[in-house]
$ cat model13.cif   # mmCIF, C-alpha atoms
data_final
loop_
_atom_site.group_PDB
_atom_site.id
_atom_site.type_symbol
_atom_site.label_atom_id
_atom_site.label_comp_id
_atom_site.auth_asym_id
_atom_site.auth_seq_id
_atom_site.Cartn_x
_atom_site.Cartn_y
_atom_site.Cartn_z
ATOM 1 C CA MET A 1 278.254 -45.517 172.236
ATOM 2 C CA VAL A 2 276.697 -47.556 175.004
ATOM 3 C CA ASP A 3 278.126 -48.925 178.239
ATOM 4 C CA ILE A 4 277.439 -51.735 180.654
ATOM 5 C CA LEU A 5 277.306 -50.390 184.215
ATOM 6 C CA HIS A 6 277.029 -52.206 187.535
ATOM 7 C CA ARG A 7 277.402 -51.515 191.247
ATOM 8 C CA VAL A 8 277.795 -54.040 194.036
ATOM 9 C CA GLY A 9 278.933 -53.732 197.630
ATOM 10 C CA VAL A 10 281.114 -56.363 199.238
ATOM 11 C CA SER A 11 280.824 -56.690 202.999
ATOM 12 C CA THR A 12 284.473 -56.399 203.987
ATOM 13 C CA PRO A 13 286.416 -53.927 206.159
ATOM 14 C CA ALA A 14 288.799 -52.680 203.434
ATOM 15 C CA PRO A 15 289.159 -52.843 199.626
ATOM 16 C CA ASP A 16 292.401 -54.851 199.577
ATOM 17 C CA GLN A 17 290.790 -58.271 199.191
ATOM 18 C CA VAL A 18 288.570 -57.048 196.364
ATOM 19 C CA TYR A 19 291.590 -55.455 194.690
ATOM 20 C CA ASN A 20 293.435 -58.749 195.068
ATOM 21 C CA ALA A 21 290.579 -60.660 193.442
ATOM 22 C CA LEU A 22 290.807 -58.318 190.433
ATOM 23 C CA THR A 23 294.577 -58.303 190.003
ATOM 24 C CA THR A 24 295.866 -61.812 190.700
ATOM 25 C CA VAL A 25 295.384 -64.966 188.652
ATOM 26 C CA ASP A 26 294.243 -66.905 191.726
ATOM 27 C CA GLY A 27 291.778 -64.193 192.693
ATOM 28 C CA LEU A 28 290.290 -63.901 189.206
ATOM 29 C CA ALA A 29 290.035 -67.691 188.903
ATOM 30 C CA GLY A 30 287.910 -67.691 192.053
ATOM 31 C CA TRP A 31 284.991 -65.756 190.610
ATOM 32 C CA TRP A 32 285.220 -65.304 186.800
ATOM 33 C CA THR A 33 286.735 -68.369 185.210
ATOM 34 C CA GLU A 34 288.898 -71.115 186.660
ATOM 35 C CA ASP A 35 290.895 -71.059 183.417
ATOM 36 C CA THR A 36 292.716 -67.759 184.008
ATOM 37 C CA LYS A 37 296.350 -67.289 183.079
ATOM 38 C CA GLY A 38 298.833 -64.486 182.461
ATOM 39 C CA SER A 39 300.050 -61.411 184.263
ATOM 40 C CA GLY A 40 298.003 -58.953 186.283
ATOM 41 C CA GLU A 41 300.743 -56.268 186.195
ATOM 42 C CA VAL A 42 300.391 -53.054 184.169
ATOM 43 C CA GLY A 43 301.259 -53.921 180.565
ATOM 44 C CA GLY A 44 300.615 -57.601 181.201
ATOM 45 C CA VAL A 45 297.909 -59.629 179.501
ATOM 46 C CA LEU A 46 295.380 -61.780 181.339
ATOM 47 C CA ALA A 47 293.890 -64.671 179.356
ATOM 48 C CA PHE A 48 290.413 -65.725 180.459
ATOM 49 C CA ARG A 49 289.066 -68.914 178.885
ATOM 50 C CA PHE A 50 285.558 -70.365 179.089
ATOM 51 C CA PRO A 51 284.082 -73.639 177.806
ATOM 52 C CA VAL A 52 283.300 -71.634 174.660
ATOM 53 C CA GLY A 53 285.800 -68.896 173.754
ATOM 54 C CA GLY A 54 287.399 -66.294 175.956
ATOM 55 C CA PHE A 55 289.009 -62.877 176.300
ATOM 56 C CA ASP A 56 292.524 -61.466 176.500
ATOM 57 C CA MET A 57 292.746 -58.311 178.586
ATOM 58 C CA GLU A 58 295.711 -55.973 178.685
ATOM 59 C CA VAL A 59 296.067 -54.378 182.114
ATOM 60 C CA VAL A 60 296.279 -50.657 181.346
ATOM 61 C CA GLU A 61 295.957 -49.082 184.783
ATOM 62 C CA LEU A 62 296.319 -50.134 188.393
ATOM 63 C CA ARG A 63 295.860 -47.942 191.446
ATOM 64 C CA PRO A 64 296.115 -50.169 194.509
ATOM 65 C CA ASN A 65 292.748 -50.562 196.272
ATOM 66 C CA GLU A 66 291.177 -47.893 194.026
ATOM 67 C CA ARG A 67 291.157 -48.718 190.358
ATOM 68 C CA VAL A 68 291.766 -51.431 187.771
ATOM 69 C CA ARG A 69 291.431 -50.896 184.044
ATOM 70 C CA TRP A 70 291.685 -53.463 181.250
ATOM 71 C CA ARG A 71 291.572 -53.173 177.493
ATOM 72 C CA VAL A 72 290.255 -56.131 175.513
ATOM 73 C CA VAL A 73 292.940 -57.146 173.031
ATOM 74 C CA ASP A 74 291.442 -60.444 171.827
ATOM 75 C CA GLY A 75 288.059 -62.140 171.999
ATOM 76 C CA PRO A 76 284.661 -61.726 170.335
ATOM 77 C CA GLU A 77 284.675 -59.004 167.694
ATOM 78 C CA GLU A 78 282.219 -56.884 169.708
ATOM 79 C CA TRP A 79 284.613 -56.875 172.681
ATOM 80 C CA VAL A 80 287.912 -56.066 171.006
ATOM 81 C CA GLY A 81 288.925 -52.481 171.786
ATOM 82 C CA THR A 82 286.398 -52.062 174.592
ATOM 83 C CA THR A 83 287.581 -51.282 178.129
ATOM 84 C CA VAL A 84 286.627 -52.697 181.496
ATOM 85 C CA ASP A 85 286.931 -50.357 184.420
ATOM 86 C CA TRP A 86 286.746 -51.167 188.118
ATOM 87 C CA GLU A 87 286.542 -48.414 190.729
ATOM 88 C CA LEU A 88 286.727 -49.319 194.406
ATOM 89 C CA ARG A 89 286.040 -47.286 197.503
ATOM 90 C CA GLN A 90 285.256 -48.041 201.107
ATOM 91 C CA ASP A 91 281.867 -46.943 202.460
ATOM 92 C CA GLY A 92 281.581 -48.064 206.075
ATOM 93 C CA ASP A 93 281.387 -51.863 206.164
ATOM 94 C CA TYR A 94 281.288 -52.207 202.378
ATOM 95 C CA THR A 95 283.772 -52.013 199.561
ATOM 96 C CA ILE A 96 281.749 -50.460 196.764
ATOM 97 C CA ILE A 97 282.594 -51.622 193.247
ATOM 98 C CA LEU A 98 281.617 -49.414 190.332
ATOM 99 C CA PHE A 99 281.975 -51.405 187.126
ATOM 100 C CA LYS A 100 281.966 -50.070 183.563
ATOM 101 C CA HIS A 101 282.406 -52.042 180.349
ATOM 102 C CA GLN A 102 282.720 -49.204 177.866
ATOM 103 C CA GLY A 103 283.137 -48.665 174.160
ATOM 104 C CA TRP A 104 280.540 -51.019 172.685
ATOM 105 C CA ARG A 105 279.817 -49.842 169.167
ATOM 106 C CA GLU A 106 276.190 -51.022 169.050
ATOM 107 C CA PRO A 107 273.663 -52.209 171.654
ATOM 108 C CA VAL A 108 273.503 -55.661 170.033
ATOM 109 C CA GLU A 109 271.724 -58.614 171.612
ATOM 110 C CA PHE A 110 275.070 -60.019 172.739
ATOM 111 C CA MET A 111 275.621 -56.818 174.735
ATOM 112 C CA HIS A 112 272.324 -57.392 176.570
ATOM 113 C CA HIS A 113 273.573 -60.892 177.420
ATOM 114 C CA CYS A 114 276.981 -59.674 178.577
ATOM 115 C CA SER A 115 275.347 -57.066 180.817
ATOM 116 C CA THR A 116 273.322 -59.680 182.708
ATOM 117 C CA LYS A 117 276.265 -62.061 182.779
ATOM 118 C CA TRP A 118 278.599 -59.402 184.225
ATOM 119 C CA GLY A 119 276.025 -58.722 186.949
ATOM 120 C CA SER A 120 275.949 -62.408 187.752
ATOM 121 C CA PHE A 121 279.771 -62.623 187.869
ATOM 122 C CA LEU A 122 279.903 -59.573 190.158
ATOM 123 C CA MET A 123 277.639 -61.484 192.522
ATOM 124 C CA SER A 124 280.117 -64.375 192.227
ATOM 125 C CA LEU A 125 282.945 -61.997 193.197
ATOM 126 C CA LYS A 126 280.899 -60.750 196.159
ATOM 127 C CA ALA A 127 280.186 -64.338 197.242
ATOM 128 C CA LEU A 128 283.845 -65.321 196.924
ATOM 129 C CA LEU A 129 284.887 -62.561 199.310
ATOM 130 C CA GLU A 130 282.000 -62.890 201.740
ATOM 131 C CA THR A 131 281.715 -66.681 201.908
ATOM 132 C CA GLY A 132 284.968 -67.997 200.453
ATOM 133 C CA GLU A 133 283.167 -69.518 197.471
ATOM 134 C CA GLY A 134 282.477 -67.885 194.118
ATOM 135 C CA ALA A 135 280.850 -69.370 191.016
ATOM 136 C CA PRO A 136 283.510 -69.054 188.300
ATOM 137 C CA ALA A 137 283.120 -70.796 184.925
ATOM 138 C CA PRO A 138 282.563 -73.660 184.342
ATOM 139 C CA HIS A 139 280.419 -73.531 187.507
ATOM 140 C CA ASP A 140 278.827 -70.186 186.659
ATOM 141 C CA VAL A 141 275.116 -69.455 186.944
ATOM 142 C CA ARG A 142 273.268 -70.232 183.727
ATOM 143 C CA ILE A 143 271.188 -67.268 182.614
ATOM 144 C CA SER A 144 269.934 -68.442 179.183
ATOM 145 C CA ASP A 145 270.494 -70.642 176.114
ATOM 146 C CA TRP A 146 273.729 -68.666 175.583
ATOM 147 C CA HIS A 147 274.768 -69.798 179.044
ATOM 148 C CA MET B 148 271.607 -40.899 176.968
ATOM 149 C CA VAL B 149 272.429 -44.263 178.459
ATOM 150 C CA ASP B 150 270.385 -47.441 178.801
ATOM 151 C CA ILE B 151 270.289 -50.491 181.013
ATOM 152 C CA LEU B 152 270.182 -53.642 178.874
ATOM 153 C CA HIS B 153 269.723 -57.281 179.855
ATOM 154 C CA ARG B 154 268.991 -60.644 178.252
ATOM 155 C CA VAL B 155 267.845 -63.812 179.963
ATOM 156 C CA GLY B 156 266.313 -67.026 178.656
ATOM 157 C CA VAL B 157 263.545 -68.791 180.520
ATOM 158 C CA SER B 158 263.293 -72.537 179.961
ATOM 159 C CA THR B 159 259.632 -72.816 178.976
ATOM 160 C CA PRO B 160 257.868 -74.040 175.831
ATOM 161 C CA ALA B 161 256.098 -70.765 174.966
ATOM 162 C CA PRO B 162 256.202 -67.085 175.999
ATOM 163 C CA ASP B 163 252.710 -66.951 177.515
ATOM 164 C CA GLN B 164 253.782 -67.584 181.122
ATOM 165 C CA VAL B 165 256.514 -64.964 180.898
ATOM 166 C CA TYR B 166 254.034 -62.515 179.386
ATOM 167 C CA ASN B 167 251.642 -63.295 182.226
ATOM 168 C CA ALA B 168 254.334 -62.618 184.819
ATOM 169 C CA LEU B 169 254.876 -59.175 183.264
ATOM 170 C CA THR B 170 251.260 -58.140 182.865
ATOM 171 C CA THR B 171 249.333 -59.363 185.902
ATOM 172 C CA VAL B 172 249.542 -58.160 189.494
ATOM 173 C CA ASP B 173 249.954 -61.728 190.762
ATOM 174 C CA GLY B 174 252.680 -62.473 188.247
ATOM 175 C CA LEU B 175 254.629 -59.295 189.002
ATOM 176 C CA ALA B 176 254.294 -59.870 192.753
ATOM 177 C CA GLY B 177 255.971 -63.249 192.265
ATOM 178 C CA TRP B 178 259.343 -61.914 191.132
ATOM 179 C CA TRP B 179 259.672 -58.106 191.581
ATOM 180 C CA THR B 180 257.879 -57.009 194.732
ATOM 181 C CA GLU B 181 255.135 -58.645 196.733
ATOM 182 C CA ASP B 182 253.609 -55.191 197.209
ATOM 183 C CA THR B 183 252.306 -54.743 193.649
ATOM 184 C CA LYS B 184 248.922 -53.154 192.946
ATOM 185 C CA GLY B 185 247.050 -51.539 190.073
ATOM 186 C CA SER B 186 246.116 -52.401 186.526
ATOM 187 C CA GLY B 187 248.268 -54.133 183.922
ATOM 188 C CA GLU B 188 246.043 -53.011 181.024
ATOM 189 C CA VAL B 189 247.173 -50.419 178.465
ATOM 190 C CA GLY B 190 246.645 -47.006 180.060
ATOM 191 C CA GLY B 191 246.588 -48.522 183.521
ATOM 192 C CA VAL B 192 249.110 -47.775 186.238
ATOM 193 C CA LEU B 193 251.006 -50.419 188.195
ATOM 194 C CA ALA B 194 252.233 -49.395 191.646
ATOM 195 C CA PHE B 195 255.329 -51.258 192.846
ATOM 196 C CA ARG B 196 256.329 -50.667 196.473
ATOM 197 C CA PHE B 197 259.492 -51.756 198.270
ATOM 198 C CA PRO B 198 260.563 -51.471 201.922
ATOM 199 C CA VAL B 199 262.054 -48.119 200.859
ATOM 200 C CA GLY B 200 260.188 -46.250 198.108
ATOM 201 C CA GLY B 201 258.753 -47.534 194.867
ATOM 202 C CA PHE B 202 257.702 -46.871 191.299
ATOM 203 C CA ASP B 203 254.470 -46.165 189.431
ATOM 204 C CA MET B 204 254.500 -47.454 185.859
ATOM 205 C CA GLU B 205 251.976 -46.547 183.191
ATOM 206 C CA VAL B 206 251.454 -49.442 180.798
ATOM 207 C CA VAL B 207 251.941 -47.855 177.365
ATOM 208 C CA GLU B 208 252.077 -50.869 175.058
ATOM 209 C CA LEU B 209 251.087 -54.512 175.171
ATOM 210 C CA ARG B 210 251.512 -57.044 172.379
ATOM 211 C CA PRO B 211 250.506 -60.438 173.760
ATOM 212 C CA ASN B 212 253.510 -62.761 174.136
ATOM 213 C CA GLU B 213 255.758 -60.278 172.299
ATOM 214 C CA ARG B 214 256.119 -56.949 173.998
ATOM 215 C CA VAL B 215 255.409 -54.949 177.150
ATOM 216 C CA ARG B 216 256.305 -51.312 177.577
ATOM 217 C CA TRP B 217 256.008 -49.139 180.679
ATOM 218 C CA ARG B 218 256.644 -45.466 181.331
ATOM 219 C CA VAL B 219 257.693 -44.416 184.818
ATOM 220 C CA VAL B 220 255.203 -41.812 186.042
ATOM 221 C CA ASP B 221 256.290 -41.623 189.697
ATOM 222 C CA GLY B 222 259.294 -42.707 191.738
ATOM 223 C CA PRO B 223 262.898 -41.576 192.176
ATOM 224 C CA GLU B 224 263.672 -38.440 190.194
ATOM 225 C CA GLU B 225 266.164 -40.323 187.983
ATOM 226 C CA TRP B 226 263.453 -42.790 186.946
ATOM 227 C CA VAL B 227 260.567 -40.450 186.142
ATOM 228 C CA GLY B 228 260.058 -40.253 182.380
ATOM 229 C CA THR B 229 262.252 -43.273 181.631
ATOM 230 C CA THR B 230 260.764 -46.309 179.877
ATOM 231 C CA VAL B 231 261.034 -50.014 180.549
ATOM 232 C CA ASP B 232 260.738 -52.275 177.551
ATOM 233 C CA TRP B 233 260.329 -56.044 177.471
ATOM 234 C CA GLU B 234 260.626 -57.977 174.210
ATOM 235 C CA LEU B 235 259.823 -61.684 174.178
ATOM 236 C CA ARG B 236 260.436 -64.331 171.561
ATOM 237 C CA GLN B 237 260.605 -68.092 171.530
ATOM 238 C CA ASP B 238 263.945 -69.713 170.561
ATOM 239 C CA GLY B 239 263.564 -73.481 170.828
ATOM 240 C CA ASP B 240 263.111 -74.420 174.480
ATOM 241 C CA TYR B 241 263.654 -70.873 175.736
ATOM 242 C CA THR B 242 261.610 -67.715 175.909
ATOM 243 C CA ILE B 243 264.198 -65.007 175.347
ATOM 244 C CA ILE B 244 263.642 -61.749 177.209
ATOM 245 C CA LEU B 245 265.331 -58.615 175.909
ATOM 246 C CA PHE B 246 265.075 -55.926 178.554
ATOM 247 C CA LYS B 247 265.762 -52.204 178.126
ATOM 248 C CA HIS B 248 265.416 -49.466 180.728
ATOM 249 C CA GLN B 249 265.890 -46.406 178.565
ATOM 250 C CA GLY B 250 266.046 -42.657 178.896
ATOM 251 C CA TRP B 251 268.400 -42.176 181.838
ATOM 252 C CA ARG B 252 269.747 -38.630 181.646
ATOM 253 C CA GLU B 253 273.109 -39.389 183.276
ATOM 254 C CA PRO B 254 275.070 -42.559 184.142
ATOM 255 C CA VAL B 255 274.857 -41.762 187.864
ATOM 256 C CA GLU B 256 275.919 -44.231 190.550
ATOM 257 C CA PHE B 257 272.271 -45.083 191.196
ATOM 258 C CA MET B 258 271.996 -46.198 187.563
ATOM 259 C CA HIS B 259 274.895 -48.652 188.092
ATOM 260 C CA HIS B 260 272.997 -50.020 191.105
ATOM 261 C CA CYS B 261 269.708 -50.314 189.208
ATOM 262 C CA SER B 262 271.443 -52.164 186.368
ATOM 263 C CA THR B 263 272.753 -54.882 188.691
ATOM 264 C CA LYS B 264 269.474 -54.979 190.593
ATOM 265 C CA TRP B 265 267.438 -55.415 187.368
ATOM 266 C CA GLY B 266 269.701 -58.313 186.393
ATOM 267 C CA SER B 267 269.086 -59.900 189.765
ATOM 268 C CA PHE B 268 265.306 -59.438 189.449
ATOM 269 C CA LEU B 269 265.373 -60.957 185.946
ATOM 270 C CA MET B 270 266.973 -64.023 187.516
ATOM 271 C CA SER B 271 264.121 -63.961 190.041
ATOM 272 C CA LEU B 272 261.617 -63.915 187.154
ATOM 273 C CA LYS B 273 263.439 -66.828 185.507
ATOM 274 C CA ALA B 274 263.421 -68.770 188.795
ATOM 275 C CA LEU B 275 259.715 -68.093 189.355
ATOM 276 C CA LEU B 276 258.844 -69.602 185.970
ATOM 277 C CA GLU B 277 261.303 -72.489 186.081
ATOM 278 C CA THR B 278 260.946 -73.522 189.731
ATOM 279 C CA GLY B 279 257.723 -71.878 190.924
ATOM 280 C CA GLU B 280 259.617 -69.634 193.325
ATOM 281 C CA GLY B 281 261.003 -66.173 192.660
ATOM 282 C CA ALA B 282 262.747 -63.769 195.043
ATOM 283 C CA PRO B 283 260.539 -60.649 195.054
ATOM 284 C CA ALA B 284 261.073 -57.861 197.588
ATOM 285 C CA PRO B 285 261.231 -58.016 200.565
ATOM 286 C CA HIS B 286 262.943 -61.385 199.946
ATOM 287 C CA ASP B 287 265.156 -60.094 197.139
ATOM 288 C CA VAL B 288 268.854 -60.808 196.841
ATOM 289 C CA ARG B 289 270.950 -58.178 198.593
ATOM 290 C CA ILE B 290 273.624 -56.788 196.281
ATOM 291 C CA SER B 291 275.097 -53.961 198.403
ATOM 292 C CA ASP B 292 274.578 -51.404 201.174
ATOM 293 C CA TRP B 293 271.797 -49.939 199.004
ATOM 294 C CA HIS B 294 270.148 -53.346 199.120
#
$ encode --input "model13.cif" --output "structure tokens"
Amino acid sequence: MVDILHRVGVSTPAPDQVYNALTTVDGLAGWWTEDTKGSGEVGGVLAFRFPVGGFDMEVVELRPNERVRWRVVDGPEEWVGTTVDWELRQDGDYTIILFKHQGWREPVEFMHHCSTKWGSFLMSLKALLETGEGAPAPHDVRISDWH
Amino acid sequence: MVDILHRVGVSTPAPDQVYNALTTVDGLAGWWTEDTKGSGEVGGVLAFRFPVGGFDMEVVELRPNERVRWRVVDGPEEWVGTTVDWELRQDGDYTIILFKHQGWREPVEFMHHCSTKWGSFLMSLKALLETGEGAPAPHDVRISDWH
């Protein structure tokens, strides 16, 4: 069992804007993919679509300004059943995000790609909150032939 | 045991320039840290220094244009004894880099940080080769309060 882990810090006085960007369709569309639909409530499903494919995430846990947890219910075979966990806390002038995409069965090449891509999207989230402009798909940073 | 994994593709006709950027002091100084010294030969030690701290890597394996492997011999406690593995292969117009930083004892918060930071430095390596300009320390992209 192998996990994708990341940590970024967003320069902002409190975690509420980060929490908002992880729990509302408008917020998510500002840094991950413009084609985001669905419900960010517990038990709801968020549908994220990209030029090629996408993911459906069930929202399994929400603790305002502290934690968001999704379970992947549809998408690439390697993703289905995995969980995506966001922990937030305030450290001085930064909201610290600890990110975990857990439950990968094998460290396949696609997992390497997703790890780098998640890092890049976390930087998009940080940019959205610090500058007002993220880089959600289809305007996301190209990291390879797999996009 | 948990690993940091990444995958990027560099738009270049052959892996030799990527290999060069991983095995020469000048190449490494162009994307990771300007303060790079030492020997990139097998058995040699490369010393990477940053505004705060640094790492000494013993070069344990070199296969031209295919593989580079380092072992961390000095640096932060969490890094010492871990290995950094670079696999290269050509896929059409891209040199694909599979990156693994293996042997972490625990998925500590610092490991989350290093995962995101490695991804960011891989994008610096890609930029160096595609545009002639990377973002090595001290000009590296700031991802958080930990820099």
$ interface_residues --input "model13.cif" --of "chain B" --to "chain A" --cutoff "7 Å" --atoms "only C-alpha atoms" --output "list in words"
Val149, Leu152, His153, Arg154, Val155, Gly156, Val157, Tyr241, His259, His260, Ser262, Thr263, Gly266, Ile290, Ser291 and Asp292 of chain B
$ resolve_selection --input "model13.cif" --expression "the PyMOL selection byres ((chain A and resi 20) around 12)" --output "PyMOL selection string"
chain A and resi 14-19+21-31+40-41+62-68+88+125+128-129
$ atom_distance --input "model13.cif" --atom1 "CA of Thr33 (chain A)" --atom2 "CA of Pro13 (chain A)"
25.4 Å
$ closest_residue --input "model13.cif" --among "A:Glu61, A:Glu34, A:Glu106, A:Glu133" --to "Trp79 (chain A)" --atoms "only C-alpha atoms"
A:Glu106
$ resolve_selection --input "model13.cif" --expression "the PyMOL selection byres ((chain A and resi 45) around 9)" --output "NGL selection string"
:A and (37-44 or 46-47 or 56-59 or 70 or 73)
$ atom_distance --input "model13.cif" --atom1 "CA of His101 (chain A)" --atom2 "CA of Pro283 (chain B)"
27.7 Å
$ atom_distance --input "model13.cif" --atom1 "CA of Gly281 (chain B)" --atom2 "CA of Asp182 (chain B)"
14.0 Å
$ residues_around --input "model13.cif" --residues "Gly53 (chain A)" --least-positions-apart "5" --cutoff "10 Å" --atoms "all atoms listed in the file" --output "list in words"
Phe48, Gly75 and Pro76 of chain A
$ closest_residue --input "model13.cif" --among "B:Thr159, B:Gln249, B:Thr183, B:Ser271" --to "Phe197 (chain B)" --atoms "all atoms listed in the file"
B:Thr183
$ axis_aligned_box --input "model13.cif" --around "region 259-267 of chain B" --padding-each-side "6 Å" --output "AutoDock Vina command-line options"
--center_x 271.2 --center_y -54.3 --center_z 188.7 --size_x 19.5 --size_y 23.2 --size_z 16.7
